[in-house]
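Asks: Got work25.txt for you, compact mmCIF, C-alpha atoms:
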# COMPACT_ATOMS: atom_id res chain seq x y z
CA MET A 1 11.09 16.85 10.39
CA ARG A 2 9.54 15.64 13.64
CA PRO A 3 11.50 12.98 15.57
CA LEU A 4 8.85 10.30 14.99
CA ASP A 5 8.80 11.08 11.29
CA ALA A 6 12.61 10.95 11.17
CA ALA A 7 12.45 7.52 12.84
CA ALA A 8 9.88 6.42 10.26
CA ALA A 9 12.21 7.56 7.48
CA ALA A 10 15.09 5.60 9.03
CA ALA A 11 12.92 2.47 9.23
CA VAL A 12 12.03 2.78 5.55
CA ILE A 13 15.72 3.10 4.67
CA VAL A 14 16.60 -0.11 6.54
CA ILE A 15 13.67 -2.05 5.08
CA TRP A 16 14.32 -0.92 1.53
CA GLY A 17 18.04 -1.48 1.97
CA SER A 18 17.25 -5.13 2.69
CA ASN A 19 14.47 -5.33 0.11
CA PHE A 20 16.56 -5.96 -3.02
CA VAL A 21 18.73 -8.59 -1.36
CA ILE A 22 15.74 -10.54 -0.05
CA ALA A 23 13.97 -10.16 -3.39
CA LYS A 24 17.04 -11.57 -5.16
CA ILE A 25 16.78 -14.67 -2.97
CA GLY A 26 13.12 -15.03 -3.92
CA LEU A 27 13.83 -14.53 -7.62
CA ALA A 28 15.97 -17.65 -7.57
CA GLN A 29 12.70 -19.58 -7.10
CA PHE A 30 9.92 -17.47 -8.63
CA PRO A 31 9.49 -15.60 -11.93
CA PRO A 32 9.61 -11.85 -11.12
CA LEU A 33 6.03 -10.93 -12.04
CA LEU A 34 4.63 -13.95 -10.23
CA MET A 35 6.63 -13.07 -7.12
CA MET A 36 5.28 -9.50 -7.23
CA ALA A 37 1.74 -10.82 -7.65
CA LEU A 38 2.20 -13.05 -4.58
CA ARG A 39 3.73 -10.11 -2.70
CA PHE A 40 0.69 -7.92 -3.33
CA ALA A 41 -1.72 -10.77 -2.61
CA VAL A 42 -0.13 -11.24 0.84
CA ALA A 43 -0.29 -7.50 1.50
CA ALA A 44 -3.89 -7.32 0.28
CA VAL A 45 -4.99 -10.01 2.77
CA VAL A 46 -3.37 -8.14 5.67
CA LEU A 47 -4.71 -4.74 4.59
CA ALA A 48 -8.24 -5.90 3.67
CA PRO A 49 -9.71 -4.55 6.96
CA PHE A 50 -8.60 -1.05 5.91
CA LEU A 51 -10.64 -1.06 2.69
CA LYS A 52 -13.07 1.82 2.99
CA PRO A 53 -13.91 5.01 1.09
CA LEU A 54 -10.84 7.19 0.70
CA GLY A 55 -12.60 10.42 -0.17
CA ARG A 56 -11.13 10.34 -3.67
CA PRO A 57 -12.53 8.85 -6.90
CA LEU A 58 -11.68 5.17 -7.26
CA SER A 59 -10.39 5.91 -10.76
CA GLU A 60 -7.59 8.03 -9.28
CA ILE A 61 -6.64 5.23 -6.88
CA ALA A 62 -6.71 2.72 -9.75
CA ILE A 63 -4.26 4.85 -11.73
CA VAL A 64 -1.90 4.95 -8.75
CA SER A 65 -2.19 1.16 -8.40
CA VAL A 66 -1.10 0.74 -12.02
CA THR A 67 1.82 3.16 -11.71
CA MET A 68 3.19 2.33 -8.25
CA GLY A 69 2.00 -1.25 -8.13
CA THR A 70 1.92 -3.10 -11.41
CA VAL A 71 4.26 -1.12 -13.66
CA HIS A 72 6.82 0.08 -11.12
CA PHE A 73 7.27 -3.24 -9.33
CA GLY A 74 6.94 -5.26 -12.49
CA LEU A 75 9.74 -3.35 -14.17
CA MET A 76 11.91 -3.08 -11.07
CA PHE A 77 11.98 -6.78 -10.25
CA THR A 78 12.15 -7.92 -13.83
CA GLY A 79 15.30 -5.82 -14.06
CA LEU A 80 16.57 -7.18 -10.75
CA SER A 81 16.33 -10.72 -12.13
CA GLY A 82 19.22 -9.94 -14.51
CA ILE A 83 21.59 -7.82 -12.40
CA GLY A 84 23.05 -7.83 -8.90
CA ALA A 85 20.98 -6.69 -5.92
CA GLY A 86 23.43 -3.93 -5.03
CA THR A 87 23.56 -2.60 -8.59
CA ALA A 88 19.75 -2.66 -8.85
CA ALA A 89 19.27 -0.92 -5.50
CA LEU A 90 21.69 1.83 -6.49
CA THR A 91 20.29 2.32 -9.98
CA ALA A 92 16.74 2.42 -8.62
CA GLN A 93 17.63 5.59 -6.72
CA LEU A 94 17.30 7.54 -9.94
CA PHE A 95 13.69 7.90 -8.78
CA VAL A 96 14.94 10.60 -6.39
CA PRO A 97 16.07 13.15 -9.01
CA PHE A 98 13.18 12.03 -11.24
CA SER A 99 10.75 12.85 -8.40
CA VAL A 100 12.29 16.23 -7.69
CA ILE A 101 12.23 17.16 -11.38
CA LEU A 102 8.59 16.08 -11.73
CA ALA A 103 7.68 17.99 -8.55
CA ARG A 104 9.22 21.08 -10.10
CA VAL A 105 7.17 20.60 -13.29
CA VAL A 106 3.86 19.61 -11.64
CA PHE A 107 3.84 21.55 -8.35
CA GLY A 108 6.33 24.31 -9.06
CA GLU A 109 8.45 23.26 -6.06
CA ARG A 110 11.64 25.27 -5.97
CA MET A 111 15.09 23.74 -5.93
CA ASN A 112 17.75 25.62 -4.00
CA PRO A 113 21.44 25.41 -4.98
CA SER A 114 22.24 22.74 -2.38
CA GLN A 115 19.43 20.52 -3.68
CA VAL A 116 20.61 20.94 -7.27
CA ALA A 117 24.15 20.07 -6.19
CA GLY A 118 22.80 17.03 -4.35
CA MET A 119 20.97 15.89 -7.47
CA VAL A 120 24.13 16.21 -9.56
CA LEU A 121 26.05 14.24 -6.95
CA ALA A 122 23.29 11.59 -6.93
CA PHE A 123 23.38 11.19 -10.71
CA ALA A 124 27.17 10.91 -10.60
CA GLY A 125 27.12 8.34 -7.82
CA VAL A 126 24.48 6.21 -9.50
CA ALA A 127 26.38 6.40 -12.79
CA ILE A 128 29.48 5.04 -11.08
CA LEU A 129 27.63 2.42 -9.07
CA GLY A 130 25.52 1.30 -11.99
CA GLY A 131 28.63 -0.11 -13.61
CA ALA A 132 29.99 -1.70 -10.47
CA GLY A 133 28.50 -5.10 -11.22
CA GLY A 134 31.20 -5.92 -13.74
CA GLY A 135 30.40 -8.62 -16.26
CA GLU A 136 27.27 -9.55 -14.31
CA THR A 137 25.49 -6.36 -15.33
CA SER A 138 23.03 -6.60 -18.23
CA LEU A 139 22.41 -3.27 -19.96
CA LEU A 140 18.85 -4.28 -20.84
CA HIS A 141 17.99 -5.20 -17.26
CA LEU A 142 19.70 -2.05 -15.99
CA LEU A 143 17.53 0.08 -18.30
CA ILE A 144 14.43 -1.78 -17.11
CA VAL A 145 15.32 -0.80 -13.53
CA VAL A 146 15.76 2.82 -14.66
CA ALA A 147 12.28 2.72 -16.22
CA GLY A 148 10.91 1.29 -12.97
CA ALA A 149 12.55 4.12 -11.04
CA PHE A 150 10.84 6.70 -13.24
CA MET A 151 7.46 5.05 -12.70
CA PHE A 152 7.97 5.18 -8.93
CA ALA A 153 8.79 8.89 -9.23
CA LEU A 154 5.60 9.40 -11.22
CA GLY A 155 3.69 7.48 -8.55
CA ASN A 156 5.09 9.76 -5.85
CA ILE A 157 3.63 12.73 -7.68
CA GLN A 158 0.27 10.99 -8.04
CA VAL A 159 0.18 10.21 -4.30
CA LYS A 160 1.07 13.82 -3.51
CA ARG A 161 -1.80 15.05 -5.71
CA LEU A 162 -4.28 12.90 -3.80
CA GLY A 163 -3.77 15.13 -0.77
CA PRO A 164 -4.10 14.03 2.87
CA VAL A 165 -5.28 10.41 2.90
CA ASN A 166 -5.02 7.52 5.34
CA PRO A 167 -1.85 5.70 4.23
CA PHE A 168 -3.14 2.26 5.29
CA VAL A 169 -6.38 2.77 3.38
CA LEU A 170 -4.45 3.96 0.31
CA ASN A 171 -2.05 1.02 0.56
CA ALA A 172 -4.97 -1.39 0.95
CA TRP A 173 -6.61 -0.17 -2.24
CA ILE A 174 -3.33 -0.25 -4.18
CA THR A 175 -2.50 -3.81 -3.13
CA VAL A 176 -6.03 -5.11 -3.77
CA LEU A 177 -6.09 -3.52 -7.23
CA ALA A 178 -2.48 -4.34 -8.19
CA ALA A 179 -2.46 -8.03 -7.19
CA PRO A 180 -4.90 -9.23 -9.89
CA GLN A 181 -3.23 -6.97 -12.46
CA LEU A 182 0.12 -8.61 -11.75
CA PHE A 183 -1.33 -12.13 -11.81
CA VAL A 184 -2.83 -11.48 -15.24
CA VAL A 185 0.38 -9.94 -16.61
CA SER A 186 2.39 -12.84 -15.18
CA LEU A 187 0.12 -15.42 -16.79
CA VAL A 188 0.49 -13.67 -20.15
CA LEU A 189 4.26 -13.02 -20.08
CA GLU A 190 5.71 -15.79 -17.88
CA ASP A 191 5.54 -19.57 -17.62
CA GLY A 192 6.44 -22.26 -15.09
CA HIS A 193 4.06 -20.92 -12.45
CA TRP A 194 2.94 -24.26 -10.97
CA ALA A 195 6.47 -25.67 -10.97
CA ALA A 196 7.75 -22.60 -9.10
CA LEU A 197 4.94 -22.73 -6.54
CA ALA A 198 5.45 -26.45 -5.95
CA SER A 199 9.23 -26.35 -5.62
CA ALA A 200 9.67 -23.15 -3.58
CA ASP A 201 11.24 -23.70 -0.15
CA ARG A 202 11.10 -21.72 3.08
CA TRP A 203 13.61 -19.17 1.73
CA GLY A 204 11.46 -18.45 -1.30
CA TRP A 205 8.24 -18.16 0.67
CA GLY A 206 10.05 -16.20 3.38
CA ALA A 207 11.11 -13.67 0.75
CA VAL A 208 7.51 -13.36 -0.45
CA LEU A 209 6.27 -12.79 3.11
CA PHE A 210 8.94 -10.18 3.83
CA LEU A 211 8.18 -8.34 0.61
CA GLY A 212 4.43 -8.52 1.18
CA LEU A 213 4.28 -7.69 4.88
CA VAL A 214 7.32 -5.59 5.76
CA ALA A 215 8.38 -3.94 2.51
CA THR A 216 4.83 -3.29 1.30
CA VAL A 217 2.55 -2.92 4.33
CA VAL A 218 4.95 -1.29 6.77
CA ALA A 219 7.43 0.58 4.58
CA LEU A 220 4.98 1.99 2.02
CA ALA A 221 2.53 3.12 4.70
CA LEU A 222 5.33 5.08 6.37
CA TRP A 223 6.47 6.41 3.00
CA TYR A 224 3.01 7.67 2.00
CA ARG A 225 2.66 9.35 5.38
CA LEU A 226 5.94 11.23 4.85
CA LEU A 227 4.98 12.24 1.31
CA VAL A 228 1.70 13.73 2.49
CA ARG A 229 3.29 15.63 5.39
CA TYR A 230 6.41 17.06 3.73
CA PRO A 231 7.50 18.45 0.34
CA VAL A 232 8.58 15.79 -2.15
CA ASN A 233 12.06 17.28 -2.46
CA ARG A 234 12.58 16.88 1.31
CA VAL A 235 11.35 13.29 1.55
CA VAL A 236 12.66 11.37 -1.45
CA PRO A 237 16.38 12.27 -1.04
CA LEU A 238 16.39 10.44 2.33
CA SER A 239 16.02 7.15 0.50
CA LEU A 240 19.51 7.57 -0.99
CA LEU A 241 20.87 5.96 2.17
CA GLY A 242 18.99 2.75 1.34
CA PRO A 243 21.16 1.60 -1.57
CA VAL A 244 24.38 2.18 0.38
CA LEU A 245 23.03 -0.19 3.01
CA ALA A 246 21.87 -2.58 0.27
CA VAL A 247 25.39 -2.79 -1.19
CA PHE A 248 26.86 -3.92 2.12
CA ILE A 249 24.04 -6.41 2.77
CA ALA A 250 24.39 -7.82 -0.77
CA ALA A 251 28.13 -8.22 -0.25
CA ALA A 252 27.62 -10.03 3.06
CA VAL A 253 24.68 -12.24 2.08
CA LEU A 254 25.04 -12.77 -1.68
CA ASP A 255 28.84 -12.38 -2.00
CA GLU A 256 28.42 -9.55 -4.52
CA PRO A 257 31.67 -7.63 -5.20
CA LEU A 258 32.44 -4.73 -2.90
CA GLY A 259 35.41 -2.87 -4.39
CA PRO A 260 36.72 0.70 -4.50
CA ARG A 261 34.35 1.67 -7.31
CA THR A 262 31.31 0.54 -5.34
CA LEU A 263 32.47 2.24 -2.14
CA GLY A 264 33.49 5.42 -3.95
CA GLY A 265 30.24 5.68 -5.87
CA GLY A 266 28.19 5.00 -2.75
As structure tokens, how would this structure be written, given the file I've shared?

Replies:
Amino acid sequence: MRPLDAAAAAAVIVIWGSNFVIAKIGLAQFPPLLMMALRFAVAAVVLAPFLKPLGRPLSEIAIVSVTMGTVHFGLMFTGLSGIGAGTAALTAQLFVPFSVILARVVFGERMNPSQVAGMVLAFAGVAILGGAGGGETSLLHLLIVVAGAFMFALGNIQVKRLGPVNPFVLNAWITVLAAPQLFVVSLVLEDGHWAALASADRWGWGAVLFLGLVATVVALALWYRLLVRYPVNRVVPLSLLGPVLAVFIAAAVLDEPLGPRTLGGG
């Protein structure tokens, strides 16, 4: 991997390591689907200048927006609302082996023995860490996060199949298409929208801005660029460093437990 691409991967790890902790702060003030709708609306405004033909049918982009935008984020942050940030970040990393397995099925990408061993180690670590939240962990919310991880893996495959595309243009289309989807789903499934909007303070709105600008615009653009340039099974395992960072940030900021089980699993 080129040095600039390695630096981009490191930036994504740091951003996504902070993502769940900051989202947890926002979820104290917003319903999860509404917060994701606001996140994508912010990103859509910033990325609007990049809206232009992508060289692919709009229907293909729309499918990606449903998978990686509405369904993935909707599930992931609905699950996060019921479990700790560290536990969610660690469980979400199941998208890595999911992605590698799907890449094997769809693209025929080979897995060498070291990659298989790494996948086994990843499953084992996530299994340990997934139970590190103690009594705070809700099995239902944990399973919702697992489902969100699978949808992100599926989205990675869809992005890969698009071929070389401008990541900012792709991200612009996804955010513009996903924002109204999430607003509609939120209106159907959630309540208390106006009360949440009226009572949110600078921490809540700050979380929305971070998620919309940094975690969506910056991190996903870098991520798409890496996916297009390198094999899936070389890119997605790098993100396994993100949850380890998330555990330490969650312990420092949210006072989530950081015991031997968490450290050992990480």

Asks: How would you write as a PDB file with C-alpha atoms, in the frame of the given file the residues that get within 12 Å of (8.7, -13.1, 4.6) in the file's frame, counting all atoms listed in the file?

Replies:
ATOM      1  CA  SER A  18      17.250  -5.130   2.690  1.00  0.00           C
ATOM      2  CA  ASN A  19      14.470  -5.330   0.110  1.00  0.00           C
ATOM      3  CA  ILE A  22      15.740 -10.540  -0.050  1.00  0.00           C
ATOM      4  CA  ALA A  23      13.970 -10.160  -3.390  1.00  0.00           C
ATOM      5  CA  ILE A  25      16.780 -14.670  -2.970  1.00  0.00           C
ATOM      6  CA  GLY A  26      13.120 -15.030  -3.920  1.00  0.00           C
ATOM      7  CA  MET A  35       6.630 -13.070  -7.120  1.00  0.00           C
ATOM      8  CA  LEU A  38       2.200 -13.050  -4.580  1.00  0.00           C
ATOM      9  CA  ARG A  39       3.730 -10.110  -2.700  1.00  0.00           C
ATOM     10  CA  VAL A  42      -0.130 -11.240   0.840  1.00  0.00           C
ATOM     11  CA  ALA A  43      -0.290  -7.500   1.500  1.00  0.00           C
ATOM     12  CA  ASP A 201      11.240 -23.700  -0.150  1.00  0.00           C
ATOM     13  CA  ARG A 202      11.100 -21.720   3.080  1.00  0.00           C
ATOM     14  CA  TRP A 203      13.610 -19.170   1.730  1.00  0.00           C
ATOM     15  CA  GLY A 204      11.460 -18.450  -1.300  1.00  0.00           C
ATOM     16  CA  TRP A 205       8.240 -18.160   0.670  1.00  0.00           C
ATOM     17  CA  GLY A 206      10.050 -16.200   3.380  1.00  0.00           C
ATOM     18  CA  ALA A 207      11.110 -13.670   0.750  1.00  0.00           C
ATOM     19  CA  VAL A 208       7.510 -13.360  -0.450  1.00  0.00           C
ATOM     20  CA  LEU A 209       6.270 -12.790   3.110  1.00  0.00           C
ATOM     21  CA  PHE A 210       8.940 -10.180   3.830  1.00  0.00           C
ATOM     22  CA  LEU A 211       8.180  -8.340   0.610  1.00  0.00           C
ATOM     23  CA  GLY A 212       4.430  -8.520   1.180  1.00  0.00           C
ATOM     24  CA  LEU A 213       4.280  -7.690   4.880  1.00  0.00           C
ATOM     25  CA  VAL A 214       7.320  -5.590   5.760  1.00  0.00           C
ATOM     26  CA  ALA A 215       8.380  -3.940   2.510  1.00  0.00           C
ATOM     27  CA  THR A 216       4.830  -3.290   1.300  1.00  0.00           C
ATOM     28  CA  VAL A 217       2.550  -2.920   4.330  1.00  0.00           C
TER      29      VAL A 217
END

Asks: What separation in Å, quoted to one decimal, exists between atom CA of Leu263 of chain A and atom CA of Ala246 of chain A?

Replies: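 Pair atom CA of Leu263 of chain A / atom CA of Ala246 of chain A returns 11.9 Å.
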
Asks: Find the residue from A:Val64, A:Ala195, A:Leu121, A:Ile13 that sits nearest to Lys160 of chain A; use all atoms listed in the file when measuring.

Replies: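 Checking each of A:Val64, A:Ala195, A:Leu121, A:Ile13 against Lys160 of chain A, counting all atoms listed in the file, the winner is A:Val64.
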
Asks: Considering only C-alpha atoms, return as a tab-separated table (two decimals) with C-alpha atoms, in the coordinates of the input whatever protein or nucleic-acid residues lie within 8 Å of Arg225 of chain A, sequence-local ones (same chain, fewer than 3 positions apart) excluded.

Replies:
chain	number	residue	atom	x	y	z
A	166	ASN	CA	-5.02	7.52	5.34
A	167	PRO	CA	-1.85	5.70	4.23
A	221	ALA	CA	2.53	3.12	4.70
A	222	LEU	CA	5.33	5.08	6.37
A	228	VAL	CA	1.70	13.73	2.49
A	229	ARG	CA	3.29	15.63	5.39

Asks: Neighbours of Trp173 of chain A within 7 Å (all atoms listed in the file; same-chain residues fewer than 4 positions away dropped), as a list in words?

Replies: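 Once the adjacent positions are removed, what remains is Leu51, Val169 and Leu177 of chain A.
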
Asks: Using all atoms listed in the file, determine which residues lie at most 12 Å from Val12 of chain A, disregarding the query and same-chain residues fewer than 3 positions distant; provide the list as a PyMOL selection string.

Replies: chain A and resi 5-9+15-19+214-226+235-236+238-243+245

Asks: With all atoms listed in the file as the basis for distance, which of A:Leu154, A:Leu143, A:Val165, A:Leu4 is at the shortest distance from Pro53 of chain A?

Replies: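 Checking each of A:Leu154, A:Leu143, A:Val165, A:Leu4 against Pro53 of chain A, counting all atoms listed in the file, the winner is A:Val165.
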